[in-house]
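See below for target-v4.pdb, which holds PDB, C-alpha atoms.
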```pdb
ATOM      1  CA  MET S   1      24.054 -12.278 158.601
ATOM      2  CA  THR S   2      25.607  -9.906 156.104
ATOM      3  CA  VAL S   3      26.257  -6.393 157.344
ATOM      4  CA  LYS S   4      24.558  -3.688 155.284
ATOM      5  CA  LYS S   5      26.707  -1.024 153.668
ATOM      6  CA  ILE S   6      26.211   2.644 152.901
ATOM      7  CA  THR S   7      28.321   4.922 150.706
ATOM      8  CA  ALA S   8      29.408   8.421 151.670
ATOM      9  CA  LYS S   9      27.044   9.770 148.993
ATOM     10  CA  GLU S  10      24.084   7.801 150.411
ATOM     11  CA  LEU S  11      24.896   9.010 153.932
ATOM     12  CA  HIS S  12      25.101  12.584 152.685
ATOM     13  CA  GLU S  13      21.715  12.220 150.964
ATOM     14  CA  ARG S  14      20.169  10.940 154.184
ATOM     15  CA  LEU S  15      21.543  13.911 156.096
ATOM     16  CA  GLN S  16      20.320  16.304 153.393
ATOM     17  CA  GLY S  17      16.897  14.709 153.858
ATOM     18  CA  GLN S  18      17.206  15.563 157.549
ATOM     19  CA  GLU S  19      17.235  11.937 158.632
ATOM     20  CA  ASN S  20      18.744  11.468 162.083
ATOM     21  CA  VAL S  21      21.557   8.909 162.132
ATOM     22  CA  MET S  22      23.859   7.461 164.753
ATOM     23  CA  ILE S  23      27.486   7.045 163.757
ATOM     24  CA  LEU S  24      29.905   4.882 165.699
ATOM     25  CA  ASP S  25      33.511   5.844 164.997
ATOM     26  CA  VAL S  26      35.862   3.042 166.079
ATOM     27  CA  ARG S  27      39.131   4.936 165.601
ATOM     28  CA  ALA S  28      41.400   5.897 168.500
ATOM     29  CA  ASN S  29      40.207   8.873 170.552
ATOM     30  CA  GLU S  30      42.963  11.145 169.185
ATOM     31  CA  LYS S  31      41.965  10.518 165.564
ATOM     32  CA  TYR S  32      38.291  10.968 166.420
ATOM     33  CA  ASN S  33      39.028  14.269 168.153
ATOM     34  CA  GLU S  34      41.006  15.505 165.115
ATOM     35  CA  PHE S  35      38.104  14.884 162.727
ATOM     36  CA  HIS S  36      34.831  12.989 162.729
ATOM     37  CA  ILE S  37      31.577  13.125 160.809
ATOM     38  CA  GLU S  38      29.472  15.964 162.139
ATOM     39  CA  ASP S  39      26.052  17.256 161.203
ATOM     40  CA  SER S  40      23.029  18.521 163.081
ATOM     41  CA  HIS S  41      21.363  15.176 162.272
ATOM     42  CA  VAL S  42      24.292  13.031 163.454
ATOM     43  CA  GLU S  43      24.615  11.531 166.888
ATOM     44  CA  SER S  44      28.290  10.638 166.976
ATOM     45  CA  ARG S  45      29.840   8.097 169.346
ATOM     46  CA  ASN S  46      33.488   7.146 169.675
ATOM     47  CA  ILE S  47      34.200   3.655 170.977
ATOM     48  CA  PRO S  48      37.707   2.501 169.996
ATOM     49  CA  LYS S  49      37.850  -0.793 168.109
ATOM     50  CA  THR S  50      39.796  -2.438 170.959
ATOM     51  CA  GLU S  51      36.720  -2.126 173.182
ATOM     52  CA  ILE S  52      34.543  -3.739 170.526
ATOM     53  CA  PHE S  53      37.060  -6.545 169.982
ATOM     54  CA  GLU S  54      36.798  -7.221 173.745
ATOM     55  CA  LEU S  55      33.116  -8.074 173.267
ATOM     56  CA  GLU S  56      34.203 -11.353 171.692
ATOM     57  CA  GLU S  57      36.321 -12.366 174.691
ATOM     58  CA  ASN S  58      34.105 -10.920 177.421
ATOM     59  CA  LYS S  59      30.527 -12.085 176.926
ATOM     60  CA  ASP S  60      29.243  -9.902 179.801
ATOM     61  CA  LYS S  61      30.687  -6.666 178.407
ATOM     62  CA  GLN S  62      28.031  -4.212 177.271
ATOM     63  CA  LEU S  63      28.249  -1.122 175.080
ATOM     64  CA  THR S  64      26.215   2.042 175.424
ATOM     65  CA  LEU S  65      24.694   1.609 171.988
ATOM     66  CA  PRO S  66      21.011   1.170 171.199
ATOM     67  CA  LYS S  67      19.936  -2.159 169.751
ATOM     68  CA  ASP S  68      16.643  -0.751 168.503
ATOM     69  CA  ARG S  69      18.032   1.595 165.819
ATOM     70  CA  GLU S  70      20.587   1.562 163.047
ATOM     71  CA  VAL S  71      24.186   2.359 163.946
ATOM     72  CA  ILE S  72      26.508   3.342 161.086
ATOM     73  CA  VAL S  73      30.030   2.097 161.841
ATOM     74  CA  THR S  74      33.123   3.853 160.498
ATOM     75  CA  CYS S  75      36.894   4.069 160.885
ATOM     76  CA  THR S  76      39.648   5.546 158.707
ATOM     77  CA  THR S  77      39.207   3.337 155.616
ATOM     78  CA  GLY S  78      36.520   0.835 156.580
ATOM     79  CA  ASN S  79      38.652  -2.229 157.408
ATOM     80  CA  SER S  80      38.495  -2.024 161.210
ATOM     81  CA  ALA S  81      34.899  -0.858 161.017
ATOM     82  CA  ALA S  82      34.005  -3.972 159.003
ATOM     83  CA  LYS S  83      35.444  -6.224 161.729
ATOM     84  CA  CYS S  84      33.623  -4.224 164.408
ATOM     85  CA  ALA S  85      30.363  -4.248 162.441
ATOM     86  CA  ASN S  86      30.515  -8.039 162.162
ATOM     87  CA  ILE S  87      31.069  -8.392 165.918
ATOM     88  CA  LEU S  88      28.207  -5.996 166.670
ATOM     89  CA  ASP S  89      25.959  -7.753 164.163
ATOM     90  CA  ARG S  90      26.534 -11.037 166.001
ATOM     91  CA  LYS S  91      25.556  -9.219 169.220
ATOM     92  CA  ASN S  92      22.224  -8.216 167.608
ATOM     93  CA  TYR S  93      22.987  -4.558 166.972
ATOM     94  CA  GLN S  94      21.520  -3.054 163.790
ATOM     95  CA  VAL S  95      24.726  -2.047 162.054
ATOM     96  CA  THR S  96      25.554  -0.562 158.677
ATOM     97  CA  LEU S  97      29.121  -0.117 157.434
ATOM     98  CA  LEU S  98      30.225   3.198 155.928
ATOM     99  CA  GLU S  99      32.161   2.052 152.864
ATOM    100  CA  GLY S 100      35.617   3.629 152.688
ATOM    101  CA  GLY S 101      35.277   5.114 156.164
ATOM    102  CA  VAL S 102      36.084   8.687 157.111
ATOM    103  CA  THR S 103      38.512   8.893 154.171
ATOM    104  CA  ALA S 104      35.649   8.309 151.698
ATOM    105  CA  TRP S 105      33.500  10.836 153.595
ATOM    106  CA  ARG S 106      36.208  13.515 153.379
ATOM    107  CA  ASP S 107      36.783  12.769 149.678
ATOM    108  CA  PHE S 108      33.062  13.011 149.000
ATOM    109  CA  LEU S 109      32.771  16.370 150.782
ATOM    110  CA  LYS S 110      35.785  17.612 148.843
ATOM    111  CA  SER S 111      34.128  16.577 145.561
ATOM    112  CA  LEU S 112      31.125  18.734 146.454
ATOM    113  CA  GLU S 113      33.384  21.777 146.762
ATOM    114  CA  ASP S 114      35.003  21.269 143.332
TER     115      ASP S 114
END
```

Render the structure in this file as structure tokens.
Amino acid sequence: MTVKKITAKELHERLQGQENVMILDVRANEKYNEFHIEDSHVESRNIPKTEIFELEENKDKQLTLPKDREVIVTCTTGNSAAKCANILDRKNYQVTLLEGGVTAWRDFLKSLED
């Protein structure tokens, strides 16, 4: 199956519409703690990509992610998140990739300030 994608602008519009979203940030804990997508309508989770890659090797490994709702996956630029999203998709999670990752999100927020 092809993983769905969402742009930073589309995510922002959803949040402006007060839609609750879950975001899975697959960057290292330190990077996540420095900056991650926050909003009153965001449930943010940080599971480093290495843990998600382990899902492929360890079939019994489980994540604390819901399978019954959309999870938006992000990283710094979107490359690692794309790999993680594909793994999660194969494990029957409802995943959507944030195009351009946290970098695109920051750039979009900056464009709103200009």

Work out where the centre of an axis-aligned box around every listed atom of stretch 11-24 of chain S lies and how long its edges are once 4 Å is added on each side; give both in Å to one decimal as JSON.
```
{"center_x": 23.4, "center_y": 10.6, "center_z": 158.3, "size_x": 21.0, "size_y": 19.4, "size_z": 22.7}
```

**OP:** Determine, counting all atoms listed in the file, which protein, DNA and RNA residues have an atom within 7 Å of an atom of stretch 91-107 of chain S; residues of the same chain fewer than 2 positions away are not included. Present the result as a ChimeraX atom specification.
**Re:** /S:3-8,67,69-78,81-82,85,87-89,109-111

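The spacing separating atom CA of S:Leu112 from atom CA of S:Lys9 amounts to 10.2 Å.
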
Subject >> S:Leu63 environment, 9 Å, all atoms listed in the file, sequence neighbours closer than 2 positions dropped, as a VMD selection string >> reply: chain S and resid 47 51 to 52 55 61 65 to 66

**OP:** Considering all atoms listed in the file, return as a VMD selection string whatever protein or nucleic-acid residues lie within 7 Å of S:Arg45, sequence-local ones (same chain, fewer than 2 positions apart) excluded.
**Re:** chain S and resid 23 to 25 43 47

**OP:** Would you kindly translate the PyMOL selection byres ((chain S and resi 48) around 6) into the concrete residues it picks from this file, as a ChimeraX atom specification?
**Re:** /S:26-28,47,49-51

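Atom to atom, atom CA of S:Lys31 and atom CA of S:His12 stand 21.3 Å apart.
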
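When atom CA of S:Gln62 is paired with atom CA of S:Arg90, their separation reads 13.3 Å.
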
Subject >> Within 9 Å of S:Glu19 using all atoms listed in the file, minus same-chain residues under 5 positions, as a list in words >> reply: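 Once the adjacent positions are removed, what remains is Glu13, Arg14, His41 and Val42 of chain S.
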
Could you write out the selected residues, including C-alpha atoms, as a JSON list (two decimals), keeping the file's coordinate frame?
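Writing the result to again_25.json gives the following:
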```
[["chain", "number", "residue", "atom", "x", "y", "z"],
["S", 13, "GLU", "CA", 21.72, 12.22, 150.96],
["S", 14, "ARG", "CA", 20.17, 10.94, 154.18],
["S", 41, "HIS", "CA", 21.36, 15.18, 162.27],
["S", 42, "VAL", "CA", 24.29, 13.03, 163.45]]
```

Original post:
Which residues fall under the PyMOL selection byres ((chain S and resi 40) around 12) in this file, as number ranges by chain?
Top reply: S: 15-22, 37-39, 41-44

**OP:** Rank nothing, just name the residue among S:Phe53, S:Thr2, S:Lys59, S:Phe108 nearest to S:Lys83, using only C-alpha atoms.
**Re:**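 For S:Lys83, the nearest of the given residues is S:Phe53.
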